[in-house]
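Asks: Dropping in data.cif, with mmCIF, C-alpha atoms.
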```cif
data_work
#
loop_
_atom_site.label_atom_id
_atom_site.label_comp_id
_atom_site.auth_asym_id
_atom_site.auth_seq_id
_atom_site.Cartn_x
_atom_site.Cartn_y
_atom_site.Cartn_z
CA MET A 435 -0.89 -16.97 40.62
CA LEU A 436 0.35 -19.60 38.20
CA LYS A 437 -1.16 -22.30 40.39
CA THR A 438 -4.51 -20.53 40.17
CA ALA A 439 -4.24 -20.17 36.38
CA LEU A 440 -3.60 -23.92 36.07
CA LYS A 441 -6.94 -24.81 37.62
CA PRO A 442 -9.06 -26.80 35.14
CA ARG A 443 -11.77 -24.14 34.94
CA TRP A 444 -9.27 -21.39 34.15
CA ILE A 445 -7.48 -23.53 31.55
CA ALA A 446 -10.87 -24.05 29.92
CA GLY A 447 -11.51 -20.32 30.22
CA LEU A 448 -8.19 -19.58 28.48
CA VAL A 449 -9.05 -21.89 25.60
CA PHE A 450 -12.42 -20.14 25.24
CA ALA A 451 -10.75 -16.70 25.33
CA LEU A 452 -8.25 -17.76 22.64
CA VAL A 453 -11.06 -18.99 20.40
CA ILE A 454 -12.94 -15.71 20.84
CA SER A 455 -9.76 -13.74 20.12
CA ALA A 456 -9.10 -15.77 16.96
CA VAL A 457 -12.62 -15.02 15.72
CA PHE A 458 -12.08 -11.32 16.40
CA VAL A 459 -8.75 -11.35 14.53
CA LEU A 460 -10.41 -12.98 11.51
CA LEU A 461 -13.12 -10.33 11.56
CA SER A 462 -10.38 -7.68 11.71
CA GLN A 463 -8.67 -9.15 8.63
CA TRP A 464 -11.99 -9.23 6.80
CA GLN A 465 -12.67 -5.57 7.60
CA PHE A 466 -9.11 -4.61 6.63
CA GLY A 467 -9.51 -6.35 3.27
CA ARG A 468 -12.67 -4.31 2.64
CA SER A 469 -10.97 -1.05 3.60
CA THR A 470 -9.24 -0.73 0.21
CA ARG A 471 -10.90 -1.10 -3.15
CA PRO A 472 -10.15 0.05 -6.69
CA GLU A 473 -11.64 3.35 -7.79
CA ALA A 474 -12.91 1.74 -10.97
CA PRO A 475 -12.40 -1.55 -12.76
CA VAL A 476 -9.78 -1.72 -15.49
CA SER A 477 -11.43 -0.71 -18.73
CA THR A 478 -10.98 -3.20 -21.55
CA GLY A 479 -11.86 -0.43 -24.01
CA THR A 480 -8.35 0.97 -23.73
CA GLU A 481 -7.07 -1.97 -25.80
CA ASP A 482 -9.08 -0.94 -28.87
CA PRO A 483 -6.76 1.36 -30.89
CA ARG A 484 -8.07 4.88 -31.45
CA PRO A 485 -6.55 7.77 -33.42
CA LEU A 486 -4.43 10.01 -31.21
CA THR A 487 -5.96 13.14 -32.75
CA GLU A 488 -9.41 12.01 -31.55
CA VAL A 489 -8.31 11.03 -28.05
CA LEU A 490 -6.14 13.92 -26.89
CA GLU A 491 -5.91 17.65 -27.51
CA PRO A 492 -2.52 19.42 -27.54
CA GLY A 493 -2.14 22.31 -25.15
CA GLN A 494 -4.74 20.89 -22.73
CA PHE A 495 -4.55 19.00 -19.46
CA PHE A 496 -4.20 15.23 -19.73
CA PRO A 497 -7.61 13.69 -18.86
CA GLY A 498 -7.37 10.58 -16.70
CA ALA A 499 -10.06 8.87 -18.77
CA VAL A 500 -7.67 8.39 -21.72
CA ALA A 501 -4.68 7.11 -19.71
CA ASP A 502 -3.47 3.72 -20.99
CA GLN A 503 -5.48 4.08 -24.19
CA VAL A 504 -3.88 2.36 -27.19
CA VAL A 505 -3.61 5.00 -29.92
CA THR A 506 -2.52 5.22 -33.53
CA ALA A 507 -0.84 8.12 -35.30
CA THR A 508 0.84 8.87 -38.59
CA GLY A 509 3.84 11.19 -38.82
CA SER A 510 7.59 11.27 -38.82
CA TYR A 511 10.54 11.34 -36.42
CA ASP A 512 13.26 13.95 -36.19
CA PRO A 513 16.56 12.09 -35.50
CA ARG A 514 17.98 15.28 -33.95
CA LYS A 515 15.30 15.19 -31.27
CA GLN A 516 16.05 12.06 -29.30
CA VAL A 517 17.09 11.51 -25.67
CA LEU A 518 17.86 8.61 -23.35
CA VAL A 519 16.01 8.31 -20.05
CA PRO A 520 18.04 6.33 -17.46
CA GLY A 521 16.86 4.10 -14.64
CA ARG A 522 14.40 1.99 -16.65
CA ILE A 523 13.96 -1.71 -15.85
CA ASN A 524 13.55 -4.50 -18.41
CA ASP A 525 13.48 -8.15 -17.26
CA GLY A 526 15.20 -7.15 -14.03
CA ALA A 527 18.04 -5.24 -15.76
CA LYS A 528 18.45 -1.49 -15.48
CA GLY A 529 18.93 0.48 -18.68
CA TYR A 530 17.58 3.35 -20.76
CA TRP A 531 14.46 4.25 -22.67
CA ILE A 532 14.97 5.73 -26.14
CA VAL A 533 12.57 8.66 -26.43
CA SER A 534 12.15 10.41 -29.79
CA ALA A 535 10.06 13.38 -30.93
CA PHE A 536 7.26 12.38 -33.32
CA ALA A 537 5.55 15.00 -35.52
CA VAL A 538 1.88 14.01 -35.62
CA LYS A 539 0.24 14.39 -39.04
CA GLY A 540 -3.15 16.10 -38.82
CA ALA A 541 -2.61 17.32 -35.26
CA PRO A 542 -3.92 20.82 -34.53
CA ALA A 543 -1.15 23.42 -34.41
CA LEU A 544 -0.83 25.53 -31.29
CA THR A 545 -0.68 29.29 -31.44
CA GLY A 546 1.10 31.83 -29.33
CA ALA A 547 4.66 32.76 -28.50
CA GLY A 548 7.08 29.87 -28.81
CA ALA A 549 4.61 27.57 -30.61
CA SER A 550 6.12 25.38 -33.35
CA PRO A 551 4.53 24.94 -36.80
CA GLN A 552 3.94 21.25 -36.06
CA THR A 553 2.62 19.49 -32.99
CA TRP A 554 4.79 16.71 -31.61
CA ILE A 555 4.52 13.95 -29.07
CA PRO A 556 7.35 12.10 -27.27
CA VAL A 557 7.53 8.41 -28.16
CA ALA A 558 9.34 5.84 -26.02
CA ARG A 559 10.59 3.61 -28.83
CA GLY A 560 12.48 0.91 -26.91
CA TRP A 561 14.91 -0.06 -24.15
CA VAL A 562 18.69 -0.53 -24.25
CA ALA A 563 21.13 -1.68 -21.60
CA ASP A 564 24.06 0.24 -23.13
CA PRO A 565 23.61 3.83 -24.36
CA ALA A 566 25.90 3.02 -27.29
CA ASP A 567 23.25 0.61 -28.61
CA ALA A 568 20.63 3.33 -29.01
CA THR A 569 19.71 3.66 -32.69
CA ALA A 570 18.23 6.59 -34.59
CA PRO A 571 14.48 6.51 -35.25
CA PRO A 572 13.27 5.23 -38.62
CA SER A 573 12.95 7.81 -41.37
CA GLY A 574 10.03 8.64 -43.62
CA THR A 575 6.34 8.47 -42.86
CA ILE A 576 5.63 6.15 -39.93
CA ASP A 577 2.38 4.54 -38.82
CA LEU A 578 2.71 4.41 -35.05
CA THR A 579 0.77 2.29 -32.56
CA GLY A 580 1.35 2.51 -28.82
CA ARG A 581 -0.07 3.12 -25.36
CA LEU A 582 -0.84 6.69 -24.33
CA ILE A 583 0.65 7.54 -20.92
CA PRO A 584 0.51 10.77 -18.87
CA SER A 585 3.64 12.89 -18.70
CA GLU A 586 6.04 12.01 -15.91
CA ALA A 587 7.33 14.58 -13.44
CA PRO A 588 10.93 15.71 -13.99
CA LEU A 589 13.38 14.86 -11.22
CA PRO A 590 14.20 18.04 -9.29
CA ASN A 591 17.78 19.25 -9.07
CA THR A 592 18.91 16.56 -11.52
CA ASP A 593 21.16 17.17 -14.52
CA ALA A 594 20.74 14.10 -16.72
CA GLY A 595 23.58 15.16 -19.00
CA PRO A 596 23.84 15.80 -22.76
CA GLY A 597 21.42 13.78 -24.85
CA ARG A 598 19.52 12.57 -21.79
CA ALA A 599 16.45 13.49 -19.76
CA SER A 600 15.65 12.78 -16.12
CA ALA A 601 12.16 11.48 -17.01
CA VAL A 602 9.69 11.29 -19.87
CA SER A 603 8.46 14.72 -18.90
CA VAL A 604 6.76 16.83 -21.57
CA ALA A 605 7.71 20.00 -19.69
CA GLU A 606 11.37 18.99 -19.79
CA LEU A 607 11.38 17.69 -23.36
CA ILE A 608 9.70 20.65 -25.02
CA ASN A 609 12.45 22.85 -23.59
CA LEU A 610 15.12 20.50 -24.95
CA TRP A 611 13.51 20.17 -28.37
CA ASP A 612 11.87 23.60 -28.66
CA VAL A 613 8.58 22.19 -29.95
CA SER A 614 4.86 22.23 -29.14
CA SER A 615 3.68 18.93 -27.73
CA TYR A 616 0.76 16.86 -26.58
CA PRO A 617 0.48 16.61 -22.75
CA GLY A 618 1.56 12.97 -22.65
CA PHE A 619 3.73 10.42 -24.39
CA VAL A 620 3.34 7.14 -26.30
CA ALA A 621 5.05 3.87 -25.44
CA ALA A 622 5.42 2.37 -28.92
CA SER A 623 4.33 -1.17 -29.60
CA ALA A 624 4.52 -1.07 -33.43
CA GLU A 625 6.11 1.14 -36.09
CA ARG A 626 5.44 0.57 -39.77
CA ALA A 627 6.63 2.33 -42.93
CA GLY A 628 5.03 1.48 -46.25
CA GLY A 629 3.41 -1.59 -44.68
CA ALA A 630 6.73 -2.97 -43.39
CA ASP A 631 7.67 -3.30 -39.76
CA VAL A 632 10.46 -0.84 -38.88
CA ALA A 633 10.34 -1.17 -35.10
CA ALA A 634 13.68 -1.23 -33.31
CA SER A 635 15.26 -4.66 -32.94
CA GLY A 636 18.52 -6.32 -31.93
CA PRO A 637 19.92 -4.80 -28.74
CA VAL A 638 16.96 -2.42 -28.65
CA LYS A 639 14.17 -4.20 -26.79
CA ALA A 640 10.53 -3.41 -27.44
CA LEU A 641 8.51 -1.94 -24.58
CA ASP A 642 5.74 -4.14 -23.24
CA ILE A 643 3.67 -1.78 -21.13
CA GLY A 644 0.23 -3.03 -20.14
CA PRO A 645 -2.65 -1.05 -18.66
CA GLN A 646 -1.90 0.22 -15.19
CA PRO A 647 -4.01 -1.08 -12.29
CA PRO A 648 -6.62 1.36 -10.99
CA ALA A 649 -5.80 3.46 -7.97
CA GLN A 650 -6.90 2.23 -4.57
CA THR A 651 -9.19 4.18 -2.26
CA VAL A 652 -9.26 3.73 1.51
CA ASN A 653 -12.52 3.22 3.39
CA TRP A 654 -11.62 4.67 6.78
CA LEU A 655 -14.74 3.27 8.46
CA ASN A 656 -13.75 -0.31 7.59
CA LEU A 657 -10.20 0.46 8.70
CA PHE A 658 -11.54 1.66 12.06
CA TYR A 659 -13.61 -1.51 12.44
CA ALA A 660 -10.51 -3.60 11.69
CA ALA A 661 -8.62 -1.90 14.53
CA GLU A 662 -11.64 -2.25 16.79
CA TRP A 663 -11.78 -6.03 16.35
CA VAL A 664 -8.09 -6.27 17.30
CA VAL A 665 -8.86 -4.35 20.50
CA PHE A 666 -11.73 -6.74 21.25
CA ALA A 667 -9.37 -9.71 20.76
CA GLY A 668 -6.95 -8.28 23.31
CA PHE A 669 -9.82 -7.44 25.67
CA ALA A 670 -11.01 -11.07 25.69
CA LEU A 671 -7.59 -12.19 26.95
CA PHE A 672 -7.51 -9.32 29.45
CA ILE A 673 -10.85 -10.40 30.91
CA TRP A 674 -9.53 -13.95 31.40
CA TRP A 675 -6.40 -12.65 33.12
CA ARG A 676 -8.45 -10.35 35.36
CA LEU A 677 -10.76 -13.18 36.43
CA VAL A 678 -7.77 -15.38 37.28
CA LYS A 679 -6.21 -12.53 39.24
CA ASP A 680 -9.44 -11.95 41.20
CA ASP A 681 -9.67 -15.67 42.00
CA TYR A 682 -6.08 -15.63 43.22
CA ARG A 683 -6.74 -12.64 45.48
CA ARG A 684 -9.87 -14.27 46.89
CA GLY A 685 -7.81 -17.32 47.72
CA LEU A 686 -5.25 -15.16 49.54
CA GLU A 687 -7.98 -13.36 51.49
CA GLU A 688 -9.66 -16.62 52.47
CA ALA A 689 -6.32 -18.03 53.64
CA GLU A 690 -5.67 -14.90 55.69
CA ASP A 691 -9.14 -15.07 57.25
CA GLU A 692 -8.66 -18.73 58.20
CA GLU A 693 -5.25 -17.95 59.71
CA ALA A 694 -6.70 -15.05 61.70
CA ALA A 695 -9.53 -17.27 62.95
CA ARG A 696 -7.10 -19.94 64.09
CA ARG A 697 -5.02 -17.38 65.95
CA ALA A 698 -8.09 -15.92 67.60
CA ALA A 699 -9.26 -19.38 68.67
CA GLY A 700 -5.83 -20.19 70.19
CA ALA A 701 -5.65 -16.97 72.22
CA ALA A 702 -9.20 -17.15 73.75
CA PRO A 703 -9.38 -18.49 77.48
CA ASP A 704 -11.04 -21.82 78.22
CA GLU A 705 -14.34 -21.17 80.04
CA HIS A 706 -14.24 -24.64 81.76
CA SER A 707 -10.80 -24.17 83.39
CA PRO A 708 -10.66 -22.89 87.05
CA GLN A 709 -10.14 -19.16 87.40
CA PRO A 710 -8.07 -17.56 90.22
CA ASP A 711 -10.03 -15.89 93.05
CA PRO A 712 -8.77 -12.33 93.47
CA THR A 713 -10.21 -12.17 97.07
CA ASN A 714 -8.15 -15.14 98.24
CA PRO A 715 -4.71 -13.96 99.29
CA ARG A 716 -3.28 -17.42 99.10
CA VAL A 717 -3.83 -17.52 95.43
CA GLN A 718 -0.81 -16.03 93.78
CA SER A 719 -0.98 -14.79 90.29
#
```
Rewrite the structure from the file as structure tokens, please.
Replies:
Amino acid sequence: MLKTALKPRWIAGLVFALVISAVFVLLSQWQFGRSTRPEAPVSTGTEDPRPLTEVLEPGQFFPGAVADQVVTATGSYDPRKQVLVPGRINDGAKGYWIVSAFAVKGAPALTGAGASPQTWIPVARGWVADPADATAPPSGTIDLTGRLIPSEAPLPNTDAGPGRASAVSVAELINLWDVSSYPGFVAASAERAGGADVAASGPVKALDIGPQPPAQTVNWLNLFYAAEWVVFAGFALFIWWRLVKDDYRRGLEEAEDEEAARRAAGAAPDEHSPQPDPTNPRVQS
């Protein structure tokens, strides 16, 4: 069969099939690229600072429309309400986030059993590599600026240990601190007291959290077309192989027919040669 495949016409046919397959693969890649697209473009409006009390309501669900919004708030920290959250990366190094409870001035107070007189929000103030380097939050009235982020989910069946939390989870932190809280947290970018910058420094690294990319949606129709073009590419090569195989079988059949014809011609009697007379007893068979 290899000899048949090496015929000039089938070599040319293979080149043609490869070209067709390459075109189909490119069409598949194009369809695959169109199968995922962002739900919505990144909003540049999130970079314009807005008061926290106007953006988010305590005791309510966190609306996705305000995620990543840069917010401002005035209030104070409670140094007794601070935890370290492990497993946080900064410039490739693993360390801890310092998360402190921030009492928001002017925030509506929640009512009901277990509600605290003030409404708080967790603030991720910075990152440290060594827990011993974690400093207490600044005292006094603080003007806070940071990015508003939805609450994380607590890690199940995980005991972070004293003075630590498994995640920046509002549900976990309000139980540790016994306070009422907003349904999200703030990653601080600036802290000022009396006009002076009091943000953590030294071994405490500032958090540089940008807006998160929008979620991707999958277009299943484009994904189906992508798979379909790959099938077509394989089918083009299959057709070439099948044509070569049919040509090879035809060659075998023709060779068998010629061989059978030669054998039939060799076994047939010669009509011009003398034939024995069965009535003549002298002629022996």
Asks: Just to confirm, what's the straight-line distance from atom CA of Val519 of chain A to atom CA of Pro637 of chain A in Å (one decimal)?
Replies: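 One can read the atom CA of Val519 of chain A to atom CA of Pro637 of chain A distance as 16.2 Å.
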Asks: Applied to this file, what does the PyMOL selection byres ((chain A and resi 459) around 9) return in terms of residues, put as a list of chain:residue names?
Replies: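 Listing what the PyMOL selection byres ((chain A and resi 459) around 9) selects in the shown file: A:Ile454, A:Ser455, A:Ala456, A:Val457, A:Phe458, A:Leu460, A:Leu461, A:Ser462, A:Gln463, A:Trp464, A:Ala660, A:Trp663, A:Val664, A:Phe666, A:Ala667.
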Asks: Provide the atom CA of Gly493 of chain A to atom CA of Leu582 of chain A distance in Å, to one decimal place.
Replies: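 Atom CA of Leu582 of chain A lies at a distance of 15.7 Å from atom CA of Gly493 of chain A.
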Asks: Run through the PyMOL selection byres ((chain A and resi 512) around 12) on the given coordinates and return the selected residues as a PyMOL selection string.
Replies: chain A and resi 509-511+513-517+533-538+552+554-557+570-576+611+613
Asks: Rounded to one decimal, what separation in Å do you get between atom CA of Ala439 of chain A and atom CA of Val678 of chain A?
Replies: 6.0 Å
Asks: Determine the nearest neighbour of Lys437 of chain A from the options A:Glu481, A:Asp593, A:Asp681, A:Asp642, counting all atoms listed in the file.
Replies: A:Asp681
Asks: Using all atoms listed in the file, can you tell me which of A:Ala689, A:Ala670, A:Ala621, A:Ala661 comes closest to Leu452 of chain A?
Replies: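 Of the candidates, the smallest distance to Leu452 of chain A is held by A:Ala670.
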Asks: Give, as JSON, the centre coordinates and the x, y and z edge lengths in Å to one decimal for an axis-aligned box around all listed atoms of segment 683-696 of chain A, padded by 8 Å on each side.
Replies:
```
{"center_x": -7.6, "center_y": -16.3, "center_z": 54.8, "size_x": 20.6, "size_y": 23.3, "size_z": 34.6}
```
Asks: So, with only C-alpha atoms as the atoms that count, which of A:Val652, A:Ala694, A:Leu686, A:Pro497 lies closest to Met435 of chain A?
Replies: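 Nearest candidate to Met435 of chain A out of A:Val652, A:Ala694, A:Leu686, A:Pro497: A:Leu686.
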Asks: Check the smallest atom-to-atom distance from each of A:Asn524, A:Thr487, A:Ser623, A:Gln465 to Thr553 of chain A using all atoms listed in the file, then report the winner.
Replies: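 Looking at the shortest contact to Thr553 of chain A, the residue is A:Thr487.
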Asks: Place a sphere of radius 12 Å on (1.1, 8.4, -26.1) in the file coordinates and name every protein, DNA or RNA residue with an atom inside or on its surface, counting all atoms listed in the file; give the answer as a PyMOL selection string.
Replies: chain A and resi 483-487+489-492+496+500-507+533-536+538+554-559+578-586+602+604+615-623+643
Asks: I need the output of the PyMOL selection byres ((chain A and resi 448) around 10) for this file as a PyMOL selection string; which residues are they?
Replies: chain A and resi 439-440+442-447+449-454+670-671+673-675+678
Asks: For Asp612 of chain A, which of A:Thr438, A:Ala549, A:Tyr682, A:Gly700 is the closest residue, counting all atoms listed in the file?
Replies: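 Closest residue, counting all atoms listed in the file: A:Ala549.
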Asks: Looking at A:Gly479, A:Leu544, A:Leu518, A:Leu677, which one is nearest to Pro596 of chain A, with distances taken over only C-alpha atoms?
Replies: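 Once distances to Pro596 of chain A are computed over only C-alpha atoms, the minimum belongs to A:Leu518.
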Asks: Determine, counting all atoms listed in the file, which protein, DNA and RNA residues have an atom within 12 Å of an atom of Lys528 of chain A; residues of the same chain fewer than 4 positions away are not included. Present the result as a list of chain:residue names.
Replies: A:Val519, A:Pro520, A:Gly521, A:Arg522, A:Ile523, A:Asn524, A:Trp561, A:Val562, A:Ala563, A:Asp564, A:Pro565
